[in-house]
$ cat target12.csv   # CSV, C-alpha atoms and all ligand atoms
chain,number,residue,atom,x,y,z
A,1,MET,CA,-10.9,20.5,-4.9
A,2,LYS,CA,-9.9,18.5,-7.9
A,3,ALA,CA,-8.0,15.2,-7.4
A,4,VAL,CA,-6.1,13.0,-9.9
A,5,ILE,CA,-5.6,9.4,-9.0
A,6,LEU,CA,-2.6,7.7,-10.7
A,7,GLY,CA,-3.0,3.9,-10.4
A,8,ALA,CA,-6.9,4.2,-10.5
A,9,SER,CA,-7.2,0.6,-11.9
A,10,GLY,CA,-5.4,-1.0,-8.9
A,11,LEU,CA,-6.7,-2.3,-5.6
A,12,LEU,CA,-6.3,1.0,-3.8
A,13,GLY,CA,-7.1,3.1,-6.8
A,14,LYS,CA,-10.5,1.5,-7.3
A,15,ALA,CA,-11.4,2.1,-3.7
A,16,LEU,CA,-10.3,5.7,-4.0
A,17,MET,CA,-12.5,6.2,-7.1
A,18,ARG,CA,-15.5,4.6,-5.2
A,19,GLU,CA,-15.0,6.4,-1.9
A,20,TRP,CA,-14.0,9.9,-3.0
A,21,ILE,CA,-17.3,11.7,-3.1
A,22,GLY,CA,-17.9,15.5,-3.0
A,23,ASP,CA,-14.9,16.5,-5.1
A,24,GLU,CA,-14.0,16.2,-8.8
A,25,VAL,CA,-11.9,13.1,-9.2
A,26,VAL,CA,-10.1,11.9,-12.4
A,27,GLY,CA,-8.5,8.5,-12.4
A,28,PHE,CA,-5.8,7.0,-14.7
A,29,GLY,CA,-4.5,3.5,-15.1
A,30,SER,CA,-1.2,2.5,-16.8
A,31,ARG,CA,-2.8,2.4,-20.2
A,32,ASP,CA,-3.9,6.0,-19.9
A,33,VAL,CA,-0.6,7.3,-18.4
A,34,ASP,CA,2.6,5.4,-18.0
A,35,ILE,CA,4.4,7.2,-15.1
A,36,ARG,CA,7.8,6.3,-16.7
A,37,ASP,CA,6.9,8.8,-19.5
A,38,ALA,CA,7.9,12.1,-17.9
A,39,ASN,CA,6.5,14.2,-20.8
A,40,HIS,CA,3.1,12.5,-20.9
A,41,VAL,CA,2.8,12.8,-17.1
A,42,ARG,CA,3.6,16.5,-17.3
A,43,GLU,CA,1.0,17.0,-20.2
A,44,VAL,CA,-1.7,15.2,-18.3
A,45,VAL,CA,-1.1,17.1,-15.0
A,46,GLU,CA,-1.0,20.4,-16.9
A,47,LYS,CA,-4.2,19.6,-18.7
A,48,THR,CA,-6.2,18.3,-15.7
A,49,ARG,CA,-4.8,21.0,-13.2
A,50,PRO,CA,-5.5,19.0,-10.0
A,51,GLY,CA,-5.2,20.4,-6.5
A,52,TRP,CA,-4.0,17.0,-5.3
A,53,ILE,CA,-2.4,14.1,-7.1
A,54,VAL,CA,-2.6,10.7,-5.3
A,55,LEU,CA,0.2,8.5,-6.7
A,56,ALA,CA,-1.1,4.9,-6.1
A,57,ALA,CA,0.5,3.6,-9.3
A,58,ALA,CA,3.4,1.2,-8.7
A,59,TYR,CA,5.0,-2.0,-9.8
A,60,THR,CA,3.8,-4.0,-6.8
A,61,ASN,CA,5.0,-7.6,-7.5
A,62,VAL,CA,7.4,-7.9,-4.6
A,63,ASP,CA,8.9,-11.3,-5.6
A,64,ASP,CA,9.2,-10.5,-9.3
A,65,SER,CA,10.9,-7.2,-8.5
A,66,GLU,CA,13.9,-9.3,-7.4
A,67,SER,CA,14.4,-10.6,-10.9
A,68,HIS,CA,13.2,-7.3,-12.6
A,69,PRO,CA,15.0,-4.6,-10.6
A,70,ASP,CA,15.2,-2.2,-13.6
A,71,LEU,CA,11.4,-2.3,-13.9
A,72,ALA,CA,10.8,-1.8,-10.2
A,73,PHE,CA,13.1,1.2,-10.0
A,74,ALA,CA,11.9,2.7,-13.3
A,75,VAL,CA,8.2,2.7,-12.1
A,76,ASN,CA,8.5,3.0,-8.3
A,77,ARG,CA,11.3,5.5,-8.0
A,78,ASP,CA,11.8,7.2,-11.4
A,79,GLY,CA,8.1,7.2,-12.2
A,80,ALA,CA,7.4,8.8,-8.8
A,81,VAL,CA,10.0,11.5,-9.5
A,82,ASN,CA,8.4,12.2,-12.8
A,83,VAL,CA,5.0,12.7,-11.1
A,84,ALA,CA,6.6,14.9,-8.3
A,85,GLN,CA,8.3,17.1,-10.9
A,86,ALA,CA,5.0,17.5,-12.8
A,87,ALA,CA,3.2,18.3,-9.6
A,88,LYS,CA,5.8,20.9,-8.6
A,89,ARG,CA,5.6,22.6,-12.1
A,90,ALA,CA,1.7,22.7,-12.0
A,91,GLY,CA,1.5,23.7,-8.3
A,92,ALA,CA,-0.3,20.6,-7.3
A,93,LYS,CA,0.0,18.8,-4.0
A,94,LEU,CA,1.2,15.2,-4.0
A,95,LEU,CA,0.4,12.2,-1.8
A,96,PHE,CA,2.6,9.2,-2.6
A,97,LEU,CA,1.9,5.7,-1.4
A,98,SER,CA,4.8,3.9,0.2
A,99,SER,CA,5.3,0.7,2.0
A,100,ASP,CA,6.3,-0.9,5.4
A,101,TYR,CA,9.0,-2.8,3.3
A,102,VAL,CA,11.2,0.3,3.6
A,103,PHE,CA,12.1,-1.1,7.0
A,104,ASP,CA,14.3,-4.1,7.9
A,105,GLY,CA,11.9,-5.5,10.5
A,106,LYS,CA,14.4,-5.8,13.2
A,107,LYS,CA,12.4,-3.7,15.7
A,108,SER,CA,9.9,-5.3,18.1
A,109,SER,CA,7.8,-2.2,18.7
A,110,PRO,CA,5.8,-0.3,16.1
A,111,TYR,CA,7.8,1.7,13.5
A,112,GLU,CA,7.6,5.5,13.8
A,113,THR,CA,7.8,7.7,10.8
A,114,GLU,CA,11.3,8.9,11.7
A,115,ASP,CA,12.8,5.4,12.1
A,116,ALA,CA,15.7,4.6,9.7
A,117,ARG,CA,14.9,3.0,6.4
A,118,ASN,CA,16.8,-0.2,5.7
A,119,PRO,CA,14.9,-2.1,3.0
A,120,GLN,CA,15.8,-5.7,2.4
A,121,SER,CA,14.2,-6.3,-1.0
A,122,VAL,CA,14.4,-4.6,-4.4
A,123,TYR,CA,10.7,-3.5,-4.0
A,124,GLY,CA,11.5,-2.0,-0.6
A,125,ARG,CA,14.6,-0.3,-1.9
A,126,SER,CA,12.7,1.2,-4.9
A,127,LYS,CA,10.1,2.7,-2.5
A,128,ALA,CA,12.7,3.9,0.0
A,129,GLU,CA,14.7,5.6,-2.8
A,130,ALA,CA,11.5,7.1,-4.2
A,131,GLU,CA,10.7,8.6,-0.7
A,132,LEU,CA,14.1,10.2,-0.5
A,133,HIS,CA,13.9,11.7,-4.0
A,134,LEU,CA,10.4,12.9,-3.5
A,135,LEU,CA,11.3,14.8,-0.3
A,136,GLU,CA,14.0,16.5,-2.3
A,137,VAL,CA,11.9,17.5,-5.3
A,138,LEU,CA,8.8,18.3,-3.3
A,139,PRO,CA,9.6,18.7,0.4
A,140,GLU,CA,6.0,19.5,1.2
A,141,CYS,CA,4.6,16.2,-0.3
A,142,CYS,CA,2.8,13.6,1.8
A,143,ILE,CA,4.2,10.1,1.9
A,144,ALA,CA,1.5,7.6,3.2
A,145,ARG,CA,3.2,4.3,4.1
A,146,THR,CA,0.8,1.4,4.3
A,147,SER,CA,1.0,-2.4,4.5
A,148,TRP,CA,-0.6,-5.8,3.8
A,149,LEU,CA,-3.4,-4.3,1.6
A,150,PHE,CA,-6.6,-6.3,0.9
A,151,GLY,CA,-9.8,-5.4,-0.7
A,152,LYS,CA,-12.1,-5.9,-3.8
A,153,GLY,CA,-10.8,-5.5,-7.3
A,154,GLY,CA,-7.3,-7.0,-7.2
A,155,LYS,CA,-5.2,-9.9,-5.9
A,156,CYS,CA,-5.1,-10.0,-2.2
A,157,PHE,CA,-4.2,-12.4,0.7
A,158,PRO,CA,-7.8,-13.1,1.9
A,159,ASP,CA,-8.9,-14.1,-1.6
A,160,THR,CA,-5.9,-16.4,-2.0
A,161,ILE,CA,-6.6,-18.0,1.4
A,162,LEU,CA,-10.3,-18.5,0.6
A,163,LYS,CA,-9.5,-20.0,-2.8
A,164,LEU,CA,-7.0,-22.5,-1.2
A,165,ALA,CA,-9.2,-23.2,1.7
A,166,GLY,CA,-11.9,-24.3,-0.7
A,167,SER,CA,-9.8,-27.0,-2.1
A,168,ARG,CA,-7.4,-28.1,0.7
A,169,PRO,CA,-8.1,-29.5,4.2
A,170,VAL,CA,-4.9,-27.9,5.6
A,171,LEU,CA,-3.1,-24.7,4.9
A,172,ASP,CA,0.5,-23.9,6.0
A,173,VAL,CA,1.0,-20.1,6.6
A,174,VAL,CA,4.0,-18.2,7.9
A,175,ASN,CA,3.9,-17.2,11.5
A,176,ASP,CA,7.2,-15.2,11.9
A,177,GLN,CA,6.2,-12.1,9.9
A,178,ARG,CA,4.1,-9.5,11.7
A,179,GLY,CA,2.4,-6.5,10.2
A,180,CYS,CA,-0.9,-4.6,9.9
A,181,PRO,CA,-3.5,-5.8,7.4
A,182,THR,CA,-5.1,-2.8,5.8
A,183,TYR,CA,-8.5,-2.7,4.0
A,184,SER,CA,-8.4,-0.7,0.8
A,185,VAL,CA,-11.7,1.0,1.7
A,186,ASP,CA,-10.4,2.3,5.1
A,187,LEU,CA,-7.1,3.3,3.5
A,188,ALA,CA,-8.9,5.2,0.8
A,189,ARG,CA,-11.0,7.1,3.4
A,190,ALA,CA,-7.9,8.0,5.4
A,191,ILE,CA,-6.1,9.3,2.2
A,192,ILE,CA,-9.1,11.4,1.3
A,193,GLU,CA,-9.0,12.9,4.9
A,194,LEU,CA,-5.3,13.5,4.7
A,195,CYS,CA,-5.7,15.4,1.4
A,196,ARG,CA,-8.5,17.5,2.9
A,197,ASN,CA,-6.3,18.2,5.9
A,198,GLN,CA,-3.5,19.4,3.7
A,199,ALA,CA,-1.2,16.6,5.1
A,200,ARG,CA,2.5,16.7,4.6
A,201,GLY,CA,5.5,14.6,5.6
A,202,ILE,CA,5.4,10.9,6.3
A,203,VAL,CA,2.2,9.4,7.7
A,204,HIS,CA,1.8,5.7,8.7
A,205,THR,CA,-1.7,4.7,7.4
A,206,THR,CA,-2.8,1.2,8.4
A,207,ASN,CA,-5.8,-0.5,10.1
A,208,ALA,CA,-5.3,-0.8,13.9
A,209,GLY,CA,-3.7,-3.8,15.6
A,210,ASN,CA,-1.3,-6.3,14.1
A,211,CYS,CA,-0.9,-10.0,13.5
A,212,SER,CA,1.2,-12.6,11.7
A,213,TRP,CA,0.1,-14.0,8.3
A,214,PHE,CA,-0.9,-17.2,10.1
A,215,GLU,CA,-3.2,-15.3,12.5
A,216,PHE,CA,-4.6,-13.3,9.6
A,217,ALA,CA,-5.3,-16.6,7.6
A,218,ARG,CA,-6.9,-18.2,10.7
A,219,GLU,CA,-9.3,-15.2,11.1
A,220,ILE,CA,-10.1,-15.3,7.4
A,221,VAL,CA,-11.0,-19.0,7.4
A,222,LYS,CA,-13.0,-18.6,10.6
A,223,GLY,CA,-14.8,-15.5,9.3
A,224,ALA,CA,-15.8,-17.4,6.2
A,225,GLY,CA,-17.2,-20.2,8.3
A,226,LEU,CA,-14.8,-22.8,6.8
A,227,ALA,CA,-13.4,-25.9,8.6
A,228,THR,CA,-9.9,-25.8,7.0
A,229,GLU,CA,-7.1,-26.3,9.4
A,230,VAL,CA,-4.5,-23.5,9.4
A,231,ARG,CA,-1.0,-24.5,10.5
A,232,PRO,CA,1.8,-22.1,11.5
A,233,VAL,CA,5.1,-22.5,9.6
A,234,SER,CA,8.3,-20.5,9.4
A,235,SER,CA,9.4,-18.2,6.5
A,236,GLN,CA,12.3,-20.6,6.0
A,237,GLN,CA,9.8,-23.4,5.3
A,238,MET,CA,8.0,-21.2,2.7
A,239,ALA,CA,11.0,-19.6,1.0
A,240,ARG,CA,10.1,-16.7,-1.4
A,241,PRO,CA,12.4,-14.8,-3.8
A,242,ALA,CA,12.1,-11.5,-1.9
A,243,PRO,CA,13.0,-11.3,1.9
A,244,ARG,CA,10.2,-9.8,4.0
A,245,PRO,CA,10.7,-7.9,7.3
A,246,PRO,CA,9.9,-10.1,10.2
A,247,TYR,CA,8.2,-7.2,12.0
A,248,SER,CA,6.8,-4.3,10.1
A,249,VAL,CA,4.0,-3.0,12.3
A,250,LEU,CA,3.5,0.8,11.7
A,251,SER,CA,2.7,3.1,14.6
A,252,ALA,CA,-0.6,5.0,14.3
A,253,GLN,CA,0.9,8.1,16.0
A,254,SER,CA,1.4,10.1,12.8
A,255,LEU,CA,-2.1,9.5,11.7
A,256,ARG,CA,-3.6,10.5,15.0
A,257,GLN,CA,-2.0,13.9,14.6
A,258,TYR,CA,-4.6,14.5,11.8
A,259,GLY,CA,-7.4,13.3,14.0
A,260,ILE,CA,-7.7,10.1,12.0
A,261,GLY,CA,-8.1,6.7,13.6
A,262,LEU,CA,-8.7,3.5,11.5
A,263,PRO,CA,-10.7,0.5,12.7
A,264,THR,CA,-9.0,-2.7,13.7
A,265,TRP,CA,-8.0,-5.1,11.0
A,266,GLN,CA,-10.4,-7.7,12.4
A,267,ASP,CA,-13.3,-5.2,12.0
A,268,ALA,CA,-12.0,-4.4,8.5
A,269,LEU,CA,-11.8,-8.1,7.6
A,270,LYS,CA,-15.4,-8.7,8.7
A,271,ARG,CA,-16.6,-5.8,6.4
A,272,TYR,CA,-14.5,-7.1,3.5
A,273,LEU,CA,-15.9,-10.7,3.8
A,274,GLN,CA,-19.4,-9.2,3.8
A,275,GLU,CA,-18.4,-7.0,0.7
A,276,ARG,CA,-17.2,-10.1,-1.1
A,277,LYS,CA,-20.7,-11.7,-0.7
A,278,ASN,CA,-22.5,-8.8,-2.2
B,1,LIG,N1,-0.7,-4.1,-2.0
B,1,LIG,C1,0.0,-4.0,-0.8
B,1,LIG,O1,0.0,-4.9,0.0
B,1,LIG,C2,0.7,-2.7,-0.5
B,1,LIG,C3,1.5,-2.6,0.7
B,1,LIG,C4,2.2,-1.4,0.9
B,1,LIG,C5,2.1,-0.4,0.0
B,1,LIG,N2,1.4,-0.5,-1.2
B,1,LIG,C6,1.5,0.6,-2.2
B,1,LIG,O2,0.1,1.0,-2.3
B,1,LIG,C7,-0.1,1.5,-3.6
B,1,LIG,C8,-1.3,0.8,-4.2
B,1,LIG,O3,-1.1,-0.6,-4.2
B,1,LIG,P1,-2.1,-1.6,-4.9
B,1,LIG,O4,-2.1,-2.8,-4.2
B,1,LIG,O5,-3.4,-0.8,-5.1
B,1,LIG,O6,-1.4,-1.8,-6.3
B,1,LIG,P2,-2.0,-2.6,-7.6
B,1,LIG,O7,-3.3,-3.2,-7.3
B,1,LIG,O8,-0.9,-3.5,-8.1
B,1,LIG,O9,-2.2,-1.5,-8.7
B,1,LIG,C9,-1.1,-0.8,-9.2
B,1,LIG,C10,-1.6,0.3,-10.1
B,1,LIG,O10,-0.5,0.9,-10.7
B,1,LIG,C11,-0.7,1.0,-12.1
B,1,LIG,N3,0.6,0.9,-12.8
B,1,LIG,C12,1.5,-0.1,-12.8
B,1,LIG,N4,2.6,0.3,-13.5
B,1,LIG,C13,2.3,1.6,-14.0
B,1,LIG,C14,3.0,2.5,-14.8
B,1,LIG,N5,4.3,2.2,-15.3
B,1,LIG,N6,2.5,3.7,-15.0
B,1,LIG,C15,1.3,4.0,-14.5
B,1,LIG,N7,0.6,3.2,-13.8
B,1,LIG,C16,1.1,2.0,-13.5
B,1,LIG,C17,-1.6,-0.2,-12.4
B,1,LIG,O11,-2.2,0.1,-13.7
B,1,LIG,P3,-2.8,-1.1,-14.6
B,1,LIG,O12,-3.9,-1.8,-13.8
B,1,LIG,O13,-3.3,-0.4,-15.8
B,1,LIG,O14,-1.6,-2.1,-14.8
B,1,LIG,C18,-2.5,-0.1,-11.3
B,1,LIG,O15,-3.5,0.8,-11.5
B,1,LIG,C19,1.2,1.2,-4.4
B,1,LIG,O16,2.1,2.3,-4.4
B,1,LIG,C20,1.9,0.1,-3.6
B,1,LIG,O17,3.3,0.1,-3.7
B,1,LIG,C21,0.7,-1.7,-1.5
$ encode --input "target12.csv" --output "structure tokens"
Amino acid sequence: MKAVILGASGLLGKALMREWIGDEVVGFGSRDVDIRDANHVREVVEKTRPGWIVLAAAYTNVDDSESHPDLAFAVNRDGAVNVAQAAKRAGAKLLFLSSDYVFDGKKSSPYETEDARNPQSVYGRSKAEAELHLLEVLPECCIARTSWLFGKGGKCFPDTILKLAGSRPVLDVVNDQRGCPTYSVDLARAIIELCRNQARGIVHTTNAGNCSWFEFAREIVKGAGLATEVRPVSSQQMARPAPRPPYSVLSAQSLRQYGIGLPTWQDALKRYLQERKN
């Protein structure tokens, strides 16, 4: 099997490039291929002739998307459609990375793949619209929704907390948003398995368990052996430009259908803190 990774220079893309062993894998960052350029995307796909394309490229700045909606939609929705059209033309399979932010967060039990989308932010809308377009262009594509990604090689929540904890005695962290932290290494391994299992349709792909950002931060500080106090605060006290779903836990049911089960986020965090030391 030959795979093309679009977004290979990002957090997930780097993990995919490291973890994908045993197949031919070619990775592209935005400087190699801008997914907004339909012609270039088509040329690259025709030239590389992959069996699978993993579309991890995205405009991922959730807050800045609110003030740059044109950019968010151009990359996340229209760029994804360009890739789907190129995949269809070349007979390649496509796995697209989507987000828990396609949901409004009003549920109090884990979101299943068939739950209604109702994004509350520009970023979430760009991903939700991408999903709908992709399912029209390439109905057999795979949409892997994930959440709260962390890992080596990019900006992530544990790194921010550890940096702040190094210089402040107390950290205030929101306690009224719940989700599933997901380690880029575990997500990459699951994606590789999904491609090898010829996955199609929507799959929720996160580490097991869930927590609030406050609980996540407390575990990070504890895991790093720091004495910093972590205090729970509300989203209202820490206003951000983009609204976040208060509850965006994704059910593991769809992933289990492929015989894949990811470790807990606490286990994943331990391995990440170890990886940071190396
Ligand atoms: N991070 C999260 O918490 C999270 C949560 C849910 C879903 N996701 C989704 O998971 C996927 C991977 O996320 P990530 O955190 O790995 O993202 P990331 O670290 O921000 O990386 C984004 C990647 O997309 C590339 N890119 C940006 N604009 C592009 C364009 N116009 N054309 C081609 N490539 C472009 C970047 O290339 P350069 O490096 O060259 O700029 C980079 O390789 C994304 O689809 C994201 O929406 C992420």
$ residues_near_point --input "target12.csv" --point "(6.8, -18.5, 14.3)" --cutoff "8 Å" --atoms "all atoms listed in the file" --output "PyMOL selection string"
chain A and resi 174-177+232-234
$ residues_around --input "target12.csv" --residues "region 14-29 of chain A" --least-positions-apart "4" --cutoff "8 Å" --atoms "only C-alpha atoms" --output "NGL selection string"
:A and (1-10 or 33-34 or 57 or 153 or 184-185 or 188-189 or 192)
$ atom_distance --input "target12.csv" --atom1 "CA of Ser235 (chain A)" --atom2 "CA of Trp213 (chain A)"
10.4 Å
$ residues_near_ligand --input "target12.csv" --ligand "ligand LIG 1 (chain B)" --cutoff "6 Å" --atoms "all atoms listed in the file" --output "ChimeraX atom specification"
/A:7-13,29-31,33-36,56-60,75,97-99,146-149,154
$ closest_residue --input "target12.csv" --among "A:Cys180, A:Val62, A:Val221, A:Ala190" --to "Val249 (chain A)" --atoms "only C-alpha atoms"
A:Cys180
$ residues_around --input "target12.csv" --residues "Tyr183 (chain A)" --least-positions-apart "5" --cutoff "7 Å" --atoms "only C-alpha atoms" --output "ChimeraX atom specification"
/A:149-151,268
$ residues_near_point --input "target12.csv" --point "(-8.9, -12.3, 5.6)" --cutoff "6 Å" --atoms "all atoms listed in the file" --output "number ranges by chain"
A: 158, 216-217, 220, 269
$ closest_residue --input "target12.csv" --among "A:Leu187, A:Leu95, A:Leu250, A:Cys156" --to "Arg200 (chain A)" --atoms "all atoms listed in the file"
A:Leu95
$ atom_distance --input "target12.csv" --atom1 "CA of Glu219 (chain A)" --atom2 "CA of Pro263 (chain A)"
15.8 Å
$ closest_residue --input "target12.csv" --among "A:Lys270, A:Ala242, A:Leu94, A:Arg49" --to "Cys195 (chain A)" --atoms "all atoms listed in the file"
A:Leu94
$ residues_around --input "target12.csv" --residues "region 116-127 of chain A" --least-positions-apart "6" --cutoff "6 Å" --atoms "all atoms listed in the file" --output "list in words"
Val62, Ser65, Glu66, Phe73, Asn76, Arg77, Tyr101, Val102, Phe103, Asp104, Ala242 and Pro243 of chain A
$ closest_residue --input "target12.csv" --among "A:Ala227, A:Pro241, A:Lys155, A:Thr264" --to "Gly209 (chain A)" --atoms "only C-alpha atoms"
A:Thr264
$ atom_distance --input "target12.csv" --atom1 "CA of Gln274 (chain A)" --atom2 "CA of Lys152 (chain A)"
11.0 Å
$ residues_around --input "target12.csv" --residues "Gly105 (chain A)" --least-positions-apart "5" --cutoff "8 Å" --atoms "all atoms listed in the file" --output "mmCIF file with C-alpha atoms, in the coordinates of the input"
data_model
loop_
_atom_site.group_PDB
_atom_site.id
_atom_site.type_symbol
_atom_site.label_atom_id
_atom_site.label_comp_id
_atom_site.auth_asym_id
_atom_site.auth_seq_id
_atom_site.Cartn_x
_atom_site.Cartn_y
_atom_site.Cartn_z
ATOM 1 C CA ARG A 244 10.200 -9.800 4.000
ATOM 2 C CA PRO A 245 10.700 -7.900 7.300
ATOM 3 C CA PRO A 246 9.900 -10.100 10.200
ATOM 4 C CA TYR A 247 8.200 -7.200 12.000
ATOM 5 C CA SER A 248 6.800 -4.300 10.100
#
$ residues_around --input "target12.csv" --residues "Lys47 (chain A)" --least-positions-apart "2" --cutoff "12 Å" --atoms "only C-alpha atoms" --output "PyMOL selection string"
chain A and resi 4+26+40-45+49-50+86-87+90
$ closest_residue --input "target12.csv" --among "A:Asn210, A:Pro139, A:Ser109, A:Ala224" --to "Arg276 (chain A)" --atoms "all atoms listed in the file"
A:Ala224
$ closest_residue --input "target12.csv" --among "A:Ala144, A:Val170, A:Asp115, A:Glu229" --to "Gly201 (chain A)" --atoms "all atoms listed in the file"
A:Ala144
